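Undergrad: Hey, dropping my_file.cif in here, mmCIF, C-alpha atoms:
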```
data_entry
#
loop_
_atom_site.label_atom_id
_atom_site.label_comp_id
_atom_site.auth_asym_id
_atom_site.auth_seq_id
_atom_site.Cartn_x
_atom_site.Cartn_y
_atom_site.Cartn_z
CA MET A 354 -15.41 -22.66 18.31
CA LEU A 355 -12.76 -25.28 18.69
CA THR A 356 -9.41 -24.15 19.93
CA ARG A 357 -6.27 -24.18 17.85
CA THR A 358 -5.31 -27.49 19.41
CA ILE A 359 -6.64 -29.09 16.27
CA GLU A 360 -4.25 -28.28 13.45
CA ASP A 361 -5.41 -27.03 10.08
CA ARG A 362 -3.90 -30.17 8.65
CA GLU A 363 -6.16 -32.41 10.69
CA LEU A 364 -9.21 -30.30 9.80
CA VAL A 365 -8.35 -30.50 6.12
CA ARG A 366 -8.09 -34.26 6.39
CA ARG A 367 -11.49 -34.53 8.11
CA ALA A 368 -13.13 -32.08 5.72
CA ALA A 369 -11.78 -33.97 2.73
CA ALA A 370 -13.44 -37.07 4.19
CA GLY A 371 -16.77 -35.22 4.04
CA ASN A 372 -16.96 -33.67 7.50
CA VAL A 373 -18.65 -30.33 6.88
CA ASP A 374 -18.27 -29.19 10.50
CA ALA A 375 -14.51 -29.59 10.27
CA TYR A 376 -14.54 -27.49 7.12
CA ASN A 377 -16.60 -24.81 8.83
CA VAL A 378 -13.95 -24.56 11.54
CA LEU A 379 -11.35 -24.04 8.81
CA VAL A 380 -13.58 -21.41 7.22
CA SER A 381 -13.99 -19.57 10.50
CA ARG A 382 -10.22 -19.54 10.92
CA TRP A 383 -9.46 -18.13 7.51
CA GLU A 384 -12.49 -16.13 6.36
CA LYS A 385 -11.42 -12.85 7.96
CA ASN A 386 -7.94 -13.06 6.46
CA LEU A 387 -9.12 -14.02 3.01
CA TYR A 388 -11.93 -11.45 3.04
CA ASN A 389 -9.51 -8.68 3.98
CA TYR A 390 -7.01 -9.64 1.30
CA LEU A 391 -9.74 -9.68 -1.34
CA LEU A 392 -11.11 -6.42 0.01
CA ARG A 393 -7.75 -4.71 -0.47
CA VAL A 394 -7.33 -6.24 -3.89
CA THR A 395 -10.82 -5.44 -5.18
CA GLY A 396 -11.55 -2.30 -3.19
CA ASN A 397 -15.16 -3.41 -2.80
CA ARG A 398 -16.80 -5.10 0.18
CA GLU A 399 -19.50 -6.91 -1.76
CA ASP A 400 -17.06 -8.27 -4.31
CA ALA A 401 -14.70 -9.33 -1.54
CA LEU A 402 -17.42 -11.25 0.28
CA ASP A 403 -18.72 -12.91 -2.90
CA LEU A 404 -15.21 -13.89 -3.94
CA ALA A 405 -14.40 -15.23 -0.48
CA GLN A 406 -17.53 -17.36 -0.52
CA ASP A 407 -16.72 -18.66 -3.99
CA ALA A 408 -13.16 -19.38 -2.96
CA PHE A 409 -14.22 -21.38 0.09
CA LEU A 410 -16.73 -23.33 -1.96
CA LYS A 411 -14.19 -24.05 -4.67
CA ALA A 412 -11.64 -25.06 -2.08
CA TYR A 413 -14.12 -27.44 -0.49
CA GLN A 414 -14.94 -29.04 -3.80
CA GLY A 415 -11.27 -29.46 -4.59
CA LEU A 416 -10.02 -30.54 -1.16
CA ALA A 417 -9.30 -34.04 -2.39
CA THR A 418 -6.84 -32.62 -4.93
CA LEU A 419 -4.85 -30.77 -2.26
CA GLY A 420 -1.87 -33.03 -1.83
CA GLU A 421 -0.23 -31.46 1.22
CA ALA A 422 -2.81 -30.52 3.81
CA GLU A 423 -0.50 -28.02 5.54
CA LYS A 424 -0.51 -25.93 2.38
CA PHE A 425 -4.20 -25.16 2.78
CA PRO A 426 -3.77 -21.41 3.56
CA GLN A 427 -1.70 -20.55 0.50
CA TRP A 428 -3.84 -22.83 -1.64
CA LEU A 429 -7.00 -21.06 -0.43
CA PHE A 430 -5.44 -17.64 -1.07
CA ARG A 431 -4.37 -18.74 -4.51
CA ILE A 432 -7.93 -19.75 -5.35
CA GLY A 433 -9.21 -16.43 -4.00
CA HIS A 434 -6.56 -14.45 -5.85
CA ASN A 435 -7.26 -16.21 -9.13
CA LEU A 436 -11.00 -15.69 -8.75
CA ALA A 437 -10.40 -11.98 -8.19
CA MET A 438 -8.19 -11.73 -11.27
CA SER A 439 -10.74 -13.60 -13.41
CA LYS A 440 -13.39 -11.21 -12.18
CA PHE A 441 -11.28 -8.23 -13.21
CA ARG A 442 -10.75 -9.72 -16.62
CA ALA A 443 -14.46 -10.44 -17.00
CA ASP A 444 -15.43 -6.94 -15.87
CA GLY A 445 -12.65 -5.30 -17.88
CA ARG A 446 -11.97 -3.22 -14.81
CA ARG A 447 -9.40 -0.49 -14.44
CA PRO A 448 -8.00 0.99 -11.27
CA GLN A 449 -9.90 3.89 -9.78
CA ARG A 450 -7.52 6.59 -10.85
CA ASP A 451 -7.92 9.25 -8.24
CA SER A 452 -4.24 9.94 -7.88
CA GLU A 453 -1.89 11.66 -10.30
CA THR A 454 0.97 9.70 -8.89
CA TRP A 455 -0.41 6.34 -9.96
CA GLU A 456 2.15 4.42 -11.94
CA GLU A 457 1.40 1.39 -14.01
CA SER A 458 4.29 -0.96 -14.52
CA SER A 459 2.55 -3.12 -17.07
CA GLU A 460 -0.08 -1.21 -18.96
CA GLY A 461 -3.14 -3.13 -19.98
CA ASP A 462 -2.71 -6.26 -17.90
CA PRO A 463 -5.83 -6.54 -15.75
CA ALA A 464 -3.96 -8.53 -13.15
CA THR A 465 -1.76 -5.58 -12.37
CA THR A 466 -4.31 -2.83 -12.75
CA ALA A 467 -6.77 -4.19 -10.20
CA GLY A 468 -8.73 -1.81 -8.00
CA ALA A 469 -7.03 0.65 -5.72
CA PRO A 470 -7.09 -0.08 -2.00
CA VAL A 471 -9.93 1.12 0.17
CA LEU A 472 -9.81 2.97 3.43
CA LEU A 473 -11.03 0.79 6.20
CA GLY A 474 -11.31 0.32 9.89
CA ALA A 475 -14.70 -0.93 11.05
CA GLY A 476 -13.17 -2.96 13.87
CA PRO A 477 -12.08 -1.61 17.22
CA ARG A 478 -9.75 1.26 16.35
CA VAL A 479 -6.52 1.12 18.25
CA PHE A 480 -4.76 3.57 15.99
CA PRO A 481 -5.79 6.96 14.76
CA LEU A 482 -7.74 7.00 11.56
CA GLU A 483 -5.11 9.36 10.25
CA LEU A 484 -2.52 6.60 10.27
CA GLU A 485 -4.86 4.35 8.31
CA LEU A 486 -5.31 7.08 5.72
CA ILE A 487 -1.58 7.66 5.43
CA VAL A 488 -0.81 3.97 5.02
CA ALA A 489 -3.69 3.47 2.58
CA ARG A 490 -2.43 6.38 0.51
CA ALA A 491 1.14 5.10 0.53
CA LEU A 492 -0.12 1.67 -0.50
CA GLU A 493 -2.13 3.23 -3.28
CA GLU A 494 1.03 4.51 -4.87
CA LEU A 495 2.40 1.01 -5.32
CA THR A 496 1.63 -1.01 -8.42
CA ALA A 497 -1.05 -3.68 -7.95
CA ASP A 498 1.65 -6.36 -8.10
CA GLN A 499 3.70 -4.74 -5.38
CA ARG A 500 0.63 -4.11 -3.27
CA GLN A 501 -0.40 -7.77 -3.40
CA VAL A 502 2.96 -9.05 -2.18
CA VAL A 503 3.20 -6.40 0.53
CA LEU A 504 -0.27 -7.32 1.82
CA LEU A 505 0.44 -11.05 1.73
CA LYS A 506 3.71 -10.52 3.55
CA VAL A 507 2.98 -7.82 6.10
CA ILE A 508 -0.70 -8.30 6.82
CA HIS A 509 -1.13 -12.03 6.27
CA GLY A 510 2.34 -13.16 7.30
CA PHE A 511 3.09 -15.50 4.41
CA LYS A 512 6.67 -16.48 3.63
CA PHE A 513 8.24 -15.57 0.29
CA HIS A 514 7.94 -19.12 -1.04
CA GLU A 515 4.29 -19.27 0.03
CA ILE A 516 3.53 -15.99 -1.72
CA ALA A 517 5.19 -17.42 -4.82
CA GLU A 518 2.75 -20.34 -4.62
CA ILE A 519 -0.23 -18.05 -4.19
CA LEU A 520 0.67 -15.80 -7.11
CA ALA A 521 2.09 -18.65 -9.21
CA CYS A 522 5.36 -16.86 -9.91
CA PRO A 523 9.03 -17.45 -9.03
CA VAL A 524 10.30 -16.56 -5.55
CA SER A 525 12.74 -14.13 -7.16
CA THR A 526 9.82 -12.17 -8.63
CA VAL A 527 8.15 -12.02 -5.23
CA LYS A 528 11.37 -10.75 -3.69
CA SER A 529 11.99 -8.06 -6.26
CA ARG A 530 8.38 -6.83 -6.03
CA ILE A 531 8.43 -6.71 -2.26
CA TYR A 532 11.85 -5.03 -2.10
CA ALA A 533 10.73 -2.33 -4.52
CA GLY A 534 7.37 -1.93 -2.83
CA PHE A 535 8.90 -1.74 0.60
CA GLU A 536 11.49 0.82 -0.44
CA GLN A 537 8.73 3.00 -1.83
CA LEU A 538 6.59 2.60 1.29
CA LYS A 539 9.57 3.50 3.43
CA ARG A 540 10.10 6.68 1.44
CA ALA A 541 6.41 7.62 1.43
CA LEU A 542 5.89 6.98 5.14
CA GLY A 543 9.21 8.53 6.10
CA GLU A 544 8.19 11.76 4.42
CA ASP A 545 4.88 11.89 6.20
CA VAL A 546 5.23 13.90 9.36
CA ALA A 547 2.00 12.52 10.75
CA ALA A 548 3.20 8.97 10.23
CA LYS A 549 6.31 9.73 12.22
CA ALA A 550 4.25 11.31 14.95
CA ALA A 551 1.97 8.29 15.06
CA PHE A 552 4.97 6.06 15.35
CA ARG A 553 6.56 8.10 18.09
CA GLY A 554 3.28 8.01 19.96
CA GLN A 555 3.63 4.25 20.52
CA MET B 1337 30.27 -8.51 7.67
CA ASN B 1338 30.69 -5.24 5.77
CA CYS B 1339 28.01 -2.70 4.83
CA THR B 1340 27.53 -4.06 1.29
CA GLU B 1341 26.78 -7.50 2.66
CA ALA B 1342 24.60 -6.08 5.42
CA LYS B 1343 22.48 -4.03 3.01
CA GLN B 1344 21.76 -7.17 1.01
CA ILE B 1345 20.12 -8.90 3.93
CA LEU B 1346 18.61 -5.95 5.84
CA MET B 1347 15.27 -6.36 4.12
CA ASP B 1348 15.15 -10.12 4.63
CA VAL B 1349 15.82 -9.72 8.33
CA ALA B 1350 13.24 -6.94 8.67
CA LEU B 1351 10.68 -9.16 6.91
CA ASP B 1352 11.56 -12.19 9.03
CA GLU B 1353 12.87 -14.18 6.07
CA ALA B 1354 16.52 -14.52 7.07
CA GLY B 1355 18.07 -17.51 8.75
CA ALA B 1356 19.17 -17.37 12.39
CA ASP B 1357 22.79 -17.34 11.29
CA GLU B 1358 22.40 -14.37 8.95
CA GLN B 1359 20.42 -12.52 11.57
CA LYS B 1360 23.14 -12.95 14.17
CA ARG B 1361 25.84 -11.77 11.80
CA LEU B 1362 23.78 -8.71 10.88
CA GLU B 1363 23.14 -7.88 14.53
CA ALA B 1364 26.88 -8.01 15.17
CA HIS B 1365 27.42 -5.55 12.30
CA LEU B 1366 24.66 -3.19 13.45
CA VAL B 1367 26.28 -2.80 16.85
CA HIS B 1368 29.09 -0.74 15.34
CA CYS B 1369 27.49 0.66 12.13
CA ALA B 1370 25.18 3.61 12.71
CA ASP B 1371 24.27 3.94 9.02
CA CYS B 1372 23.03 0.37 8.65
CA ARG B 1373 21.35 0.62 12.04
CA ALA B 1374 19.37 3.66 10.86
CA GLN B 1375 18.33 1.84 7.69
CA MET B 1376 17.24 -1.16 9.70
CA HIS B 1377 15.22 1.07 11.99
CA ASP B 1378 13.45 2.62 8.99
CA LEU B 1379 12.56 -0.77 7.59
CA VAL B 1380 11.24 -2.07 10.90
CA MET B 1381 9.26 1.13 11.36
CA THR B 1382 7.77 0.83 7.89
CA HIS B 1383 6.76 -2.74 8.60
CA LYS B 1384 5.12 -1.73 11.87
CA LEU B 1385 3.29 1.25 10.39
CA VAL B 1386 1.89 -0.77 7.49
CA ALA B 1387 0.83 -3.62 9.78
CA GLN B 1388 -0.83 -1.25 12.24
CA GLY B 1389 -2.28 1.09 9.64
CA LEU B 1390 -4.20 -1.70 7.92
CA PRO B 1391 -6.31 -3.36 10.62
CA LEU B 1392 -8.34 -6.36 9.53
CA GLU B 1393 -12.00 -5.61 8.99
CA GLU B 1394 -14.69 -8.05 10.11
CA SER B 1395 -16.36 -9.87 7.27
CA PRO B 1396 -19.91 -8.47 6.93
CA GLN B 1397 -21.31 -11.97 6.88
CA ARG B 1398 -20.17 -15.29 8.30
CA ILE B 1399 -19.45 -17.92 5.71
CA ALA B 1400 -20.59 -21.40 6.62
CA PHE B 1401 -21.51 -24.52 4.76
CA VAL B 1402 -24.34 -26.84 5.68
CA ALA B 1403 -24.30 -30.60 5.72
CA PRO B 1404 -26.80 -32.52 3.56
CA ALA B 1405 -30.40 -31.95 4.72
CA ALA B 1406 -30.66 -35.19 6.72
CA ALA B 1407 -27.94 -34.06 9.04
CA THR B 1408 -29.15 -30.49 9.51
CA ALA B 1409 -29.77 -29.56 13.11
CA TRP B 1410 -33.35 -28.75 14.06
CA THR B 1411 -33.85 -25.28 15.46
CA TRP B 1412 -36.81 -23.36 16.75
CA ARG B 1413 -36.72 -21.24 13.59
CA GLU B 1414 -38.17 -24.24 11.76
CA LEU B 1415 -41.45 -23.37 13.49
CA PHE B 1416 -41.76 -20.28 11.33
CA ARG B 1417 -40.85 -21.85 8.03
CA PRO B 1418 -43.86 -21.82 5.67
CA ALA B 1419 -43.38 -25.48 4.79
CA PHE B 1420 -43.48 -26.49 8.43
CA VAL B 1421 -46.48 -24.33 9.22
CA ALA B 1422 -48.29 -25.74 6.18
CA SER B 1423 -47.64 -29.33 7.18
CA VAL B 1424 -48.76 -28.71 10.75
CA THR B 1425 -51.93 -27.03 9.52
CA ALA B 1426 -52.63 -29.92 7.14
CA PHE B 1427 -52.17 -32.40 9.93
CA ALA B 1428 -54.44 -30.46 12.27
CA THR B 1429 -57.12 -30.22 9.60
CA ALA B 1430 -56.88 -33.95 8.99
CA LEU B 1431 -57.34 -34.58 12.71
CA LEU B 1432 -60.29 -32.25 12.82
CA VAL B 1433 -61.97 -33.91 9.85
CA ALA B 1434 -61.32 -37.36 11.31
CA GLY B 1435 -62.78 -36.19 14.61
CA MET B 1436 -65.88 -34.84 12.89
CA LEU B 1437 -66.41 -38.05 10.94
CA THR B 1438 -66.06 -40.36 13.90
CA ARG B 1439 -67.92 -38.48 16.58
CA PRO B 1440 -71.58 -39.21 17.26
CA VAL B 1441 -73.46 -37.53 14.45
CA ALA B 1442 -75.49 -34.58 15.60
CA VAL B 1443 -78.24 -34.66 13.04
CA PRO B 1444 -79.37 -31.16 12.20
CA THR B 1445 -82.98 -31.89 12.83
CA PRO B 1446 -85.23 -29.32 11.26
CA VAL B 1447 -86.30 -27.12 14.07
CA SER B 1448 -89.97 -27.33 14.53
CA VAL B 1449 -92.13 -26.07 17.25
CA THR B 1450 -93.67 -29.44 17.57
CA ALA B 1451 -90.38 -31.28 17.80
CA THR B 1452 -89.68 -32.72 21.17
CA PHE B 1453 -86.30 -33.66 22.57
CA THR B 1454 -85.42 -35.84 25.40
CA ARG B 1455 -83.17 -34.50 28.14
CA ASP B 1456 -80.28 -36.62 26.87
CA GLN B 1457 -80.68 -35.31 23.33
CA VAL B 1458 -80.57 -31.69 24.49
CA ALA B 1459 -77.50 -32.44 26.57
CA GLN B 1460 -75.83 -34.03 23.54
CA MET B 1461 -76.67 -31.07 21.30
CA ILE B 1462 -75.26 -28.66 23.82
CA THR B 1463 -72.06 -30.70 24.18
CA ALA B 1464 -71.65 -30.85 20.39
CA ALA B 1465 -72.21 -27.11 20.00
CA VAL B 1466 -69.73 -26.35 22.76
CA ARG B 1467 -67.16 -28.69 21.21
CA GLU B 1468 -67.57 -27.07 17.81
CA SER B 1469 -67.17 -23.59 19.14
CA GLU B 1470 -64.13 -24.60 21.16
CA GLU B 1471 -62.57 -26.12 18.07
CA ARG B 1472 -63.23 -22.96 16.06
CA GLN B 1473 -61.69 -20.83 18.75
CA ARG B 1474 -58.63 -23.04 18.93
CA VAL B 1475 -58.06 -22.76 15.17
CA GLN B 1476 -58.57 -19.00 15.23
CA THR B 1477 -56.16 -18.57 18.14
CA ALA B 1478 -53.54 -20.63 16.36
CA GLU B 1479 -53.91 -18.52 13.24
CA LEU B 1480 -53.72 -15.29 15.18
CA LEU B 1481 -50.58 -16.48 16.97
CA LYS B 1482 -49.01 -17.49 13.71
CA ALA B 1483 -49.76 -14.14 12.10
CA ALA B 1484 -48.52 -12.25 15.15
CA SER B 1485 -45.24 -14.11 15.28
CA GLN B 1486 -44.68 -13.57 11.56
CA ARG B 1487 -45.34 -9.85 11.95
CA LEU B 1488 -42.97 -9.74 14.88
CA GLU B 1489 -40.23 -11.47 12.94
CA ARG B 1490 -40.69 -9.25 9.92
CA GLY B 1491 -40.64 -6.15 12.11
CA GLN B 1492 -37.48 -7.21 13.89
CA TYR B 1493 -35.77 -8.02 10.64
CA ALA B 1494 -36.69 -4.67 9.13
CA ARG B 1495 -35.50 -2.82 12.23
CA LEU B 1496 -32.19 -4.67 12.30
CA THR B 1497 -31.67 -4.10 8.59
CA SER B 1498 -32.31 -0.40 8.92
CA ILE B 1499 -29.97 -0.14 11.92
CA ALA B 1500 -27.25 -1.99 10.04
CA GLU B 1501 -27.76 0.30 7.07
CA GLN B 1502 -27.56 3.39 9.21
CA ILE B 1503 -24.36 2.21 10.84
CA HIS B 1504 -22.89 1.43 7.46
CA TYR B 1505 -23.71 4.88 6.07
CA LEU B 1506 -22.53 6.60 9.22
CA ASP B 1507 -19.24 4.77 8.88
CA LEU B 1508 -18.93 5.69 5.21
CA SER B 1509 -19.80 9.34 5.78
CA GLN B 1510 -17.30 9.51 8.62
CA LYS B 1511 -14.59 8.24 6.31
CA ASP B 1512 -15.62 10.65 3.57
CA PHE B 1513 -15.46 13.46 6.07
CA TYR B 1514 -11.93 12.50 7.07
CA ARG B 1515 -10.93 12.17 3.45
CA GLN B 1516 -12.31 15.63 2.71
CA GLN B 1517 -10.46 17.02 5.67
CA GLU B 1518 -7.28 15.44 4.37
CA GLY B 1519 -7.93 16.92 0.95
CA THR B 1520 -8.58 20.38 2.40
CA ARG B 1521 -5.45 20.16 4.48
CA ALA B 1522 -3.37 19.19 1.46
CA ALA B 1523 -4.92 22.02 -0.59
CA LEU B 1524 -4.21 24.54 2.16
CA VAL B 1525 -0.62 23.40 2.45
CA ALA B 1526 -0.20 23.63 -1.33
CA MET B 1527 -1.73 27.09 -1.34
CA SER B 1528 0.40 28.39 1.46
CA MET B 1529 3.50 26.94 -0.16
CA GLU B 1530 2.59 28.75 -3.35
CA ARG B 1531 2.44 32.00 -1.47
CA GLY B 1532 5.73 31.25 0.12
CA GLU B 1533 4.22 31.35 3.58
CA ARG B 1534 4.78 27.78 4.56
CA GLN B 1535 3.89 27.16 8.16
#
```
Please express the file's structure as structure tokens.
TA:
Amino acid sequence: MLTRTIEDRELVRRAAAGNVDAYNVLVSRWEKNLYNYLLRVTGNREDALDLAQDAFLKAYQGLATLGEAEKFPQWLFRIGHNLAMSKFRADGRRPQRDSETWEESSEGDPATTAGAPVLLGAGPRVFPLELELIVARALEELTADQRQVVLLKVIHGFKFHEIAEILACPVSTVKSRIYAGFEQLKRALGEDVAAKAAFRGQ
Amino acid sequence: MNCTEAKQILMDVALDEAGADEQKRLEAHLVHCADCRAQMHDLVMTHKLVAQGLPLEESPQRIAFVAPAAATAWTWRELFRPAFVASVTAFATALLVAGMLTRPVAVPTPVSVTATFTRDQVAQMITAAVRESEERQRVQTAELLKAASQRLERGQYARLTSIAEQIHYLDLSQKDFYRQQEGTRAALVAMSMERGERQ
């Protein structure tokens, strides 16, 4: 694989000119991130992989329409996010309601009632599985909207204005969702003795 | 900066969204405000726990796009593609047929006790018979090799698939086990709390 010396921007430019190899480098850089986001949003590995593939294909077909090449990541995530939401609408899916504490902020909107997060950790495990369970459970108690912004921010490192582009909503909405989500996570994790222990164990 | 102002930007600083100027002013405030410092600590801790508690999982399959056929790289796997095998076989057959048509014709003379052959004729017949049998053997060997390699590939694929499946189920059952344990633990805690014997 090429090193990061070649910027995404340059790869986007080459790929848009029809260089498939350049696009494959871009794919290899972003597939893990996009797959994991879709996995948390859909709660299903197969769906996440299918959606990621579709998103990359759609992105490739539309590369010429991407005005600013440096916006490729958020553009790609936006495509992936929209595909996931369309899938939920098509499937008429509801969240897996295995928790009494689940709260729905906007009843009936498939975009906000997408699947609950899954418990993961197939990679090399640096942290105890217990911590993963605690965090997954805390995340489960957020609304789907809050969960999406928290994931995009904390796991994928997007800036507020980039998240606004991905979710096609105002920056103020992103902020209020993330503030509320974060406050709730703070409360949930703060109450969990095991979470504290895990943190102290660092 | 007072506490009201500080609380407004705590979250932004914790989430790395504040400007350098705001960050500096907040840091100055935190030095002498234990309450805000504690809140900041909680936010940073939450951020760390969430980031570390949700490790990225490897995608089960690499995604890659291929260039138009003309530009596709040739690999040894092509050898096992049915289309390739078929074309090679067709070519070999064509060669064989051409060879048979152009070689000196060995007329299948009706064998008769009275027939007499010259030394040269016998030698020719023997050569032709040997050549034919060699050719047959070569074709048979090629077919055997082909079949063997296909079997081998199928076998390997099946083995790998079953190993992958086993790993997948092992992983799932492990997670289920942990989830059950968590559930049991929660139930026990609830029960003991009910009895007023909280540990």
Undergrad: Find the residues near Asp361 (chain A): any atom within 8 Å, counting all atoms listed in the file, skip ones fewer than 6 places away on the same chain, and give them as a PyMOL selection string.
TA: chain A and resi 379+422-423+425
Undergrad: List every residue of chain B that has an atom at most 10 Å from any atom of chain A, and for each one report the closest atom pair and its distance in Å to one decimal, counting all atoms listed in the file, with rows sorted by chain and then by increasing residue number, as a Markdown table.
TA:
```
| residue | atom | partner | partner_atom | distance |
| --- | --- | --- | --- | --- |
| B:Met1347 | CA | A:Tyr532 | CA | 7.2 |
| B:Asp1348 | CA | A:Tyr532 | CA | 9.1 |
| B:Leu1351 | CA | A:Lys506 | CA | 7.9 |
| B:Asp1352 | CA | A:Lys512 | CA | 8.5 |
| B:Glu1353 | CA | A:Lys512 | CA | 7.0 |
| B:Gln1375 | CA | A:Lys539 | CA | 9.9 |
| B:Asp1378 | CA | A:Lys539 | CA | 6.8 |
| B:Leu1379 | CA | A:Lys539 | CA | 6.7 |
| B:Val1380 | CA | A:Lys539 | CA | 9.5 |
| B:Met1381 | CA | A:Phe552 | CA | 7.7 |
| B:Thr1382 | CA | A:Lys539 | CA | 5.5 |
| B:His1383 | CA | A:Val507 | CA | 6.8 |
| B:Lys1384 | CA | A:Phe552 | CA | 8.5 |
| B:Leu1385 | CA | A:Phe552 | CA | 7.1 |
| B:Val1386 | CA | A:Val488 | CA | 6.0 |
| B:Ala1387 | CA | A:Ile508 | CA | 5.7 |
| B:Gln1388 | CA | A:Phe480 | CA | 7.3 |
| B:Gly1389 | CA | A:Glu485 | CA | 4.4 |
| B:Leu1390 | CA | A:Glu485 | CA | 6.1 |
| B:Pro1391 | CA | A:Gly474 | CA | 6.3 |
| B:Leu1392 | CA | A:Asn389 | CA | 6.1 |
| B:Glu1393 | CA | A:Gly476 | CA | 5.7 |
| B:Glu1394 | CA | A:Lys385 | CA | 6.2 |
| B:Ser1395 | CA | A:Lys385 | CA | 5.8 |
| B:Pro1396 | CA | A:Leu402 | CA | 7.6 |
| B:Gln1397 | CA | A:Leu402 | CA | 7.7 |
| B:Arg1398 | CA | A:Ser381 | CA | 7.8 |
| B:Ile1399 | CA | A:Gln406 | CA | 6.5 |
| B:Ala1400 | CA | A:Asn377 | CA | 5.7 |
| B:Phe1401 | CA | A:Asn377 | CA | 6.4 |
| B:Val1402 | CA | A:Val373 | CA | 6.8 |
| B:Ala1403 | CA | A:Val373 | CA | 5.8 |
| B:Pro1404 | CA | A:Val373 | CA | 9.1 |
| B:His1504 | CA | A:Ala475 | CA | 9.2 |
| B:Asp1507 | CA | A:Ala475 | CA | 7.6 |
| B:Leu1508 | CA | A:Leu473 | CA | 9.3 |
| B:Lys1511 | CA | A:Leu472 | CA | 7.7 |
| B:Asp1512 | CA | A:Leu472 | CA | 9.6 |
| B:Tyr1514 | CA | A:Glu483 | CA | 8.2 |
| B:Arg1515 | CA | A:Leu486 | CA | 7.9 |
| B:Glu1518 | CA | A:Leu486 | CA | 8.7 |
```
Undergrad: Apply the PyMOL selection byres ((chain B and resi 1360-1374) around 9) to the structure shown and report the selected residues as a list in words.
TA: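 Expected selection for the PyMOL selection byres ((chain B and resi 1360-1374) around 9) here is Met1337, Asn1338, Cys1339, Glu1341, Ala1342, Lys1343, Ile1345, Leu1346, Val1349, Gly1355, Ala1356, Asp1357, Glu1358, Gln1359, Gln1375, Met1376, His1377, Asp1378 and Leu1379 of chain B.
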Undergrad: Record the distance separating CA of Ala368 (chain A) and CA of Leu416 (chain A), expressed in Å with one decimal.
TA: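 Interatomic distance here is 7.7 Å.
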Undergrad: Could you check how far CA of Glu360 (chain A) sits from CA of Gln427 (chain A), in Å to one decimal?
TA: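 Atom-to-atom, CA of Glu360 (chain A) to CA of Gln427 (chain A), that is 15.3 Å.
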Undergrad: Just the number, please: distance in Å from CA of Met1529 (chain B) to CA of Phe1513 (chain B), one decimal.
TA: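 According to the coordinates, CA of Met1529 (chain B) and CA of Phe1513 (chain B) are separated by 24.1 Å.
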Undergrad: Please enclose the listed atoms of region 1471-1488 of chain B in an axis-aligned box, pad each side by 8 Å, and write out the centre and the three edge lengths in Å, rounded to one decimal, as lines of an AutoDock Vina configuration file.
TA:
```
center_x = -53.1
center_y = -17.9
center_z = 15.2
size_x = 36.3
size_y = 32.4
size_z = 23.4
```
Undergrad: Counting only C-alpha atoms, I want the residues whose atoms come within 10 Å of (4.0, 0.1, -6.8) in the file frame, returned as an mmCIF file with C-alpha atoms, in the frame of the given file.
TA:
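What ended up in part08.cif:
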```cif
data_model
loop_
_atom_site.group_PDB
_atom_site.id
_atom_site.type_symbol
_atom_site.label_atom_id
_atom_site.label_comp_id
_atom_site.auth_asym_id
_atom_site.auth_seq_id
_atom_site.Cartn_x
_atom_site.Cartn_y
_atom_site.Cartn_z
ATOM 1 C CA TRP A 455 -0.410 6.340 -9.960
ATOM 2 C CA GLU A 456 2.150 4.420 -11.940
ATOM 3 C CA GLU A 457 1.400 1.390 -14.010
ATOM 4 C CA SER A 458 4.290 -0.960 -14.520
ATOM 5 C CA THR A 465 -1.760 -5.580 -12.370
ATOM 6 C CA ALA A 491 1.140 5.100 0.530
ATOM 7 C CA LEU A 492 -0.120 1.670 -0.500
ATOM 8 C CA GLU A 493 -2.130 3.230 -3.280
ATOM 9 C CA GLU A 494 1.030 4.510 -4.870
ATOM 10 C CA LEU A 495 2.400 1.010 -5.320
ATOM 11 C CA THR A 496 1.630 -1.010 -8.420
ATOM 12 C CA ALA A 497 -1.050 -3.680 -7.950
ATOM 13 C CA ASP A 498 1.650 -6.360 -8.100
ATOM 14 C CA GLN A 499 3.700 -4.740 -5.380
ATOM 15 C CA ARG A 500 0.630 -4.110 -3.270
ATOM 16 C CA GLN A 501 -0.400 -7.770 -3.400
ATOM 17 C CA VAL A 503 3.200 -6.400 0.530
ATOM 18 C CA ARG A 530 8.380 -6.830 -6.030
ATOM 19 C CA ILE A 531 8.430 -6.710 -2.260
ATOM 20 C CA ALA A 533 10.730 -2.330 -4.520
ATOM 21 C CA GLY A 534 7.370 -1.930 -2.830
ATOM 22 C CA PHE A 535 8.900 -1.740 0.600
ATOM 23 C CA GLU A 536 11.490 0.820 -0.440
ATOM 24 C CA GLN A 537 8.730 3.000 -1.830
ATOM 25 C CA LEU A 538 6.590 2.600 1.290
#
```
